Each structure stands twice: as C-alpha cells, then as structure tokens.
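Source file: entry_1.pdb. Holds: PDB, C-alpha atoms.
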ATOM      1  CA  MET A  10       5.352 -11.227   7.766  1.00  0.00           C
ATOM      2  CA  ASP A  11       5.304  -7.499   8.651  1.00  0.00           C
ATOM      3  CA  ASP A  12       1.767  -7.960  10.083  1.00  0.00           C
ATOM      4  CA  ALA A  13       0.428  -8.919   6.650  1.00  0.00           C
ATOM      5  CA  PHE A  14      -0.408 -11.996   4.583  1.00  0.00           C
ATOM      6  CA  TYR A  15       1.516 -12.411   1.311  1.00  0.00           C
ATOM      7  CA  PHE A  16       0.647 -14.586  -1.673  1.00  0.00           C
ATOM      8  CA  SER A  17       1.140 -14.842  -5.398  1.00  0.00           C
ATOM      9  CA  THR A  18      -1.339 -15.546  -8.165  1.00  0.00           C
ATOM     10  CA  GLY A  19      -1.412 -15.175 -11.912  1.00  0.00           C
ATOM     11  CA  ARG A  20      -2.693 -11.865 -13.284  1.00  0.00           C
ATOM     12  CA  LYS A  21      -4.891 -13.740 -15.749  1.00  0.00           C
ATOM     13  CA  SER A  22      -6.218 -16.253 -13.202  1.00  0.00           C
ATOM     14  CA  ARG A  23      -9.779 -15.827 -11.924  1.00  0.00           C
ATOM     15  CA  LYS A  24      -8.380 -14.704  -8.549  1.00  0.00           C
ATOM     16  CA  GLY A  25      -6.029 -12.216 -10.207  1.00  0.00           C
ATOM     17  CA  ARG A  26      -8.805 -10.740 -12.349  1.00  0.00           C
ATOM     18  CA  ASN A  27     -11.173 -10.543  -9.373  1.00  0.00           C
ATOM     19  CA  LEU A  28      -8.555  -8.721  -7.272  1.00  0.00           C
ATOM     20  CA  ALA A  29      -7.856  -6.276 -10.116  1.00  0.00           C
ATOM     21  CA  ALA A  30     -11.567  -5.409 -10.189  1.00  0.00           C
ATOM     22  CA  ASN A  31     -12.062  -5.361  -6.404  1.00  0.00           C
ATOM     23  CA  PRO A  32      -9.180  -5.457  -3.890  1.00  0.00           C
ATOM     24  CA  ALA A  33     -11.390  -6.566  -0.976  1.00  0.00           C
ATOM     25  CA  CYS A  34     -10.608 -10.143   0.016  1.00  0.00           C
ATOM     26  CA  THR A  35     -10.907 -12.797   2.688  1.00  0.00           C
ATOM     27  CA  VAL A  36      -8.178 -15.230   3.738  1.00  0.00           C
ATOM     28  CA  THR A  37      -9.013 -18.302   5.806  1.00  0.00           C
ATOM     29  CA  ASN A  38      -7.274 -21.357   7.143  1.00  0.00           C
ATOM     30  CA  ASP A  39      -8.641 -24.766   6.182  1.00  0.00           C
ATOM     31  CA  ASP A  40      -9.413 -25.901   9.727  1.00  0.00           C
ATOM     32  CA  GLY A  41     -13.124 -25.526  10.467  1.00  0.00           C
ATOM     33  CA  GLU A  42     -12.577 -26.747  14.025  1.00  0.00           C
ATOM     34  CA  GLU A  43     -10.245 -23.815  14.825  1.00  0.00           C
ATOM     35  CA  ALA A  44     -11.194 -21.229  12.231  1.00  0.00           C
ATOM     36  CA  VAL A  45      -9.413 -17.970  11.491  1.00  0.00           C
ATOM     37  CA  ILE A  46     -10.915 -15.559   8.951  1.00  0.00           C
ATOM     38  CA  VAL A  47      -9.033 -12.439   7.885  1.00  0.00           C
ATOM     39  CA  GLU A  48     -10.771  -9.648   5.964  1.00  0.00           C
ATOM     40  CA  GLY A  49      -8.761  -6.921   4.292  1.00  0.00           C
ATOM     41  CA  SER A  50      -7.636  -5.284   1.095  1.00  0.00           C
ATOM     42  CA  VAL A  51      -5.015  -6.469  -1.356  1.00  0.00           C
ATOM     43  CA  GLU A  52      -2.231  -4.462  -2.894  1.00  0.00           C
ATOM     44  CA  GLU A  53       0.528  -5.602  -5.203  1.00  0.00           C
ATOM     45  CA  VAL A  54       3.982  -5.545  -3.619  1.00  0.00           C
ATOM     46  CA  LYS A  55       6.408  -3.564  -5.757  1.00  0.00           C
ATOM     47  CA  ASP A  56       9.037  -2.465  -3.227  1.00  0.00           C
ATOM     48  CA  ALA A  57      12.262  -4.394  -3.939  1.00  0.00           C
ATOM     49  CA  ALA A  58      13.216  -4.711  -0.251  1.00  0.00           C
ATOM     50  CA  ALA A  59       9.773  -6.049   0.676  1.00  0.00           C
ATOM     51  CA  LEU A  60       9.852  -8.504  -2.248  1.00  0.00           C
ATOM     52  CA  GLU A  61      13.245  -9.741  -1.080  1.00  0.00           C
ATOM     53  CA  ARG A  62      11.940 -10.317   2.487  1.00  0.00           C
ATOM     54  CA  VAL A  63       8.922 -12.195   1.099  1.00  0.00           C
ATOM     55  CA  ALA A  64      11.178 -14.299  -1.139  1.00  0.00           C
ATOM     56  CA  VAL A  65      13.459 -15.244   1.763  1.00  0.00           C
ATOM     57  CA  ALA A  66      10.528 -16.287   3.994  1.00  0.00           C
ATOM     58  CA  TYR A  67       8.739 -18.109   1.163  1.00  0.00           C
ATOM     59  CA  THR A  68      11.893 -19.939   0.083  1.00  0.00           C
ATOM     60  CA  LYS A  69      12.578 -21.022   3.667  1.00  0.00           C
ATOM     61  CA  LYS A  70       9.098 -22.539   3.955  1.00  0.00           C
ATOM     62  CA  TYR A  71       8.386 -23.788   0.406  1.00  0.00           C
ATOM     63  CA  LYS A  72      11.903 -24.229  -1.045  1.00  0.00           C
ATOM     64  CA  MET A  73      11.219 -21.905  -3.991  1.00  0.00           C
ATOM     65  CA  ASP A  74      11.388 -18.202  -4.765  1.00  0.00           C
ATOM     66  CA  PRO A  75       7.900 -16.928  -5.668  1.00  0.00           C
ATOM     67  CA  ARG A  76       9.458 -14.294  -7.945  1.00  0.00           C
ATOM     68  CA  SER A  77      10.583 -17.113 -10.266  1.00  0.00           C
ATOM     69  CA  MET A  78       6.978 -17.588 -11.409  1.00  0.00           C
ATOM     70  CA  GLY A  79       6.947 -14.145 -13.022  1.00  0.00           C
ATOM     71  CA  GLU A  80       3.612 -13.269 -11.440  1.00  0.00           C
ATOM     72  CA  PRO A  81       2.762 -10.517  -8.965  1.00  0.00           C
ATOM     73  CA  ILE A  82       3.068 -10.921  -5.215  1.00  0.00           C
ATOM     74  CA  PHE A  83       0.227  -9.440  -3.212  1.00  0.00           C
ATOM     75  CA  MET A  84      -0.118  -8.322   0.387  1.00  0.00           C
ATOM     76  CA  VAL A  85      -3.269  -8.345   2.508  1.00  0.00           C
ATOM     77  CA  ARG A  86      -3.367  -6.097   5.552  1.00  0.00           C
ATOM     78  CA  SER A  87      -6.103  -7.257   7.884  1.00  0.00           C
ATOM     79  CA  ARG A  88      -8.972  -4.963   8.696  1.00  0.00           C
ATOM     80  CA  THR A  89     -11.011  -7.475  10.689  1.00  0.00           C
ATOM     81  CA  VAL A  90     -10.088 -10.923  11.999  1.00  0.00           C
ATOM     82  CA  PHE A  91     -12.582 -13.495  13.240  1.00  0.00           C
ATOM     83  CA  GLY A  92     -11.700 -16.642  15.110  1.00  0.00           C
ATOM     84  CA  PHE A  93     -13.531 -19.436  16.848  1.00  0.00           C
ATOM     85  CA  ILE A  94     -13.144 -22.955  18.131  1.00  0.00           C
ATOM     86  CA  GLU A  95     -16.042 -25.074  16.893  1.00  0.00           C
ATOM     87  CA  GLU A  96     -16.276 -27.165  20.057  1.00  0.00           C
ATOM     88  CA  SER A  97     -16.944 -24.093  22.214  1.00  0.00           C
ATOM     89  CA  PHE A  98     -18.806 -21.949  19.666  1.00  0.00           C
ATOM     90  CA  PRO A  99     -20.392 -19.394  20.186  1.00  0.00           C
ATOM     91  CA  LYS A 100     -18.504 -18.691  23.446  1.00  0.00           C
ATOM     92  CA  SER A 101     -15.134 -18.823  21.669  1.00  0.00           C
ATOM     93  CA  ALA A 102     -16.148 -16.545  18.783  1.00  0.00           C
ATOM     94  CA  THR A 103     -13.945 -13.462  18.763  1.00  0.00           C
ATOM     95  CA  ARG A 104     -13.568 -10.492  16.430  1.00  0.00           C
ATOM     96  CA  TRP A 105     -10.622  -8.131  16.299  1.00  0.00           C
ATOM     97  CA  ARG A 106     -10.622  -4.840  14.384  1.00  0.00           C
ATOM     98  CA  MET A 107      -7.200  -3.748  13.212  1.00  0.00           C
ATOM     99  CA  GLY A 108      -5.806  -0.310  12.550  1.00  0.00           C
ATOM    100  CA  GLY A 109      -7.400   3.061  13.019  1.00  0.00           C
TER     101      GLY A 109
END
When written as structure tokens, how does the structure in this file appear?
Amino acid sequence: MDDAFYFSTGRKSRKGRNLAANPACTVTNDDGEEAVIVEGSVEEVKDAAALERVAVAYTKKYKMDPRSMGEPIFMVRSRTVFGFIEESFPKSATRWRMGG
C-alpha cells in the first residue's frame, strides 16, 4: 500500500529489538522459484490517517485490525528490489533501484 510494505511486530520480540537497533531490513516472499527480495529501511507508522488505511487493508485481507494487538505497525520503503525466476536464472535476475 502507498508503495510500501507494512507489518506489525512486538516491540520486545527479537525482530522488534533488532529493528530498534538497526532499521535496515529485507523482506522476501517464500517462493524460491519466483523470488522477490526487497531491501529498505523501516520506520514506525504514527500518522493516524496512514494507520487507518493500513487497518482497512489488513482487515480486508486477514479479518482483523492490526491495531488491536497494541503493538507498533512498521513501514518499509524499498531501496532495492531483486527478482528472479529459478528456472531461467541467471537470465531472469533483475534489480531495480528505487527513489533518488
């Protein structure tokens, strides 16, 4: 949504503590045959309008409001995206750089 990836995790979880120490992160799909790897930086979403948009999209897909967990919602804006199809690798390997 809004050209970003949104997720929630507990502040005290290993992921939450790691992100507090270093906002650099990688997001991947779980399909090694058609892989997508997104590299970027995380920031906590605090804007009420943005949180509402995330909640609407999340509720539509997962049937629950992520705000109900009482944990932060984070946003990753991609800096670099890699993609490939295993069957045609390395010909299918592609890298996109986002932003300025």
Task: From A:Met10, A:Val90, A:Ala59, A:Val51, residue lying nearest A:Asn31 [all atoms listed in the file] - done: A:Val51
Open item on the list: Between atom CA of A:Val85 and atom CA of A:Phe14, what is the distance in Å, rounded to a tenth?
Closed with: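 These atoms are spaced 5.1 Å apart.
Under the PyMOL selection byres ((chain A and resi 23-25) around 12), the matching residues in the shown file are Phe16, Ser17, Thr18, Gly19, Arg20, Lys21, Ser22, Arg26, Asn27, Leu28, Ala29, Ala30, Asn31, Pro32, Ala33, Cys34, Thr35, Val51, Glu52, Glu53, Glu80, Pro81, Ile82 and Phe83 of chain A.
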- [ ] Calculate how many Å separate atom CA of A:Ala13 from atom CA of A:Gly108, rounding to one decimal.
- [x]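 Rounded to one decimal, the two atoms are 12.2 Å apart.
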Please write out, as AutoDock Vina command-line options, where the centre of an axis-aligned box around all listed atoms of stretch 15-22 of chain A lies and how long its edges are, in Å to one decimal, after adding 4 Å on each side.
--center_x -2.4 --center_y -14.1 --center_z -7.2 --size_x 15.7 --size_y 12.4 --size_z 25.1
Open item on the list: Suppose a student applies the PyMOL selection byres ((chain A and resi 77) around 12) to this structure; what residues should they get, written as a list of chain:residue names?
Closed with: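 Applied to this file, the PyMOL selection byres ((chain A and resi 77) around 12) returns A:Ser17, A:Leu60, A:Ala64, A:Tyr67, A:Thr68, A:Lys72, A:Met73, A:Asp74, A:Pro75, A:Arg76, A:Met78, A:Gly79, A:Glu80, A:Pro81, A:Ile82.
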Task: Separation of atom CA of A:Ser101 from atom CA of A:Asp40, in Å and rounded to one decimal - done: 15.0 Å
- [ ] Quick one: everything within 8 Å of A:Ile94, counting only C-alpha atoms, minus sequence neighbours fewer than 3 positions away in the same chain. Send it as a list of chain:residue names.
- [x]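 Those residues are A:Glu42, A:Glu43, A:Ala44, A:Ser97, A:Phe98, A:Ser101, A:Ala102.
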Open item on the list: Counting only C-alpha atoms, which residue out of A:Glu61, A:Gly49, A:Val54, A:Trp105 sits closest to A:Gly92?
Closed with: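 Result for the nearest residue to A:Gly92: A:Trp105.
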Task: Residue nearest A:Ile46 - candidates A:Phe93, A:Ala58, A:Lys100, A:Ala66, atoms counted: all atoms listed in the file - done: A:Phe93
Open item on the list: Calculated over all atoms listed in the file, which of the candidates A:Val36, A:Met107, A:Met84, A:Val63 has the smallest distance to A:Glu48?
Closed with: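 Looking at the shortest contact to A:Glu48, the residue is A:Val36.
Counting only C-alpha atoms and comparing A:Arg62, A:Phe91, A:Lys70, A:Asp12, the residue that lies closest to A:Asn38 is A:Phe91.
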TODO: Have a look at A:Lys55, A:Pro99, A:Ser87, A:Val65 and name the one nearest to A:Thr37; count all atoms listed in the file.
DONE: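 Checking each of A:Lys55, A:Pro99, A:Ser87, A:Val65 against A:Thr37, counting all atoms listed in the file, the winner is A:Ser87.
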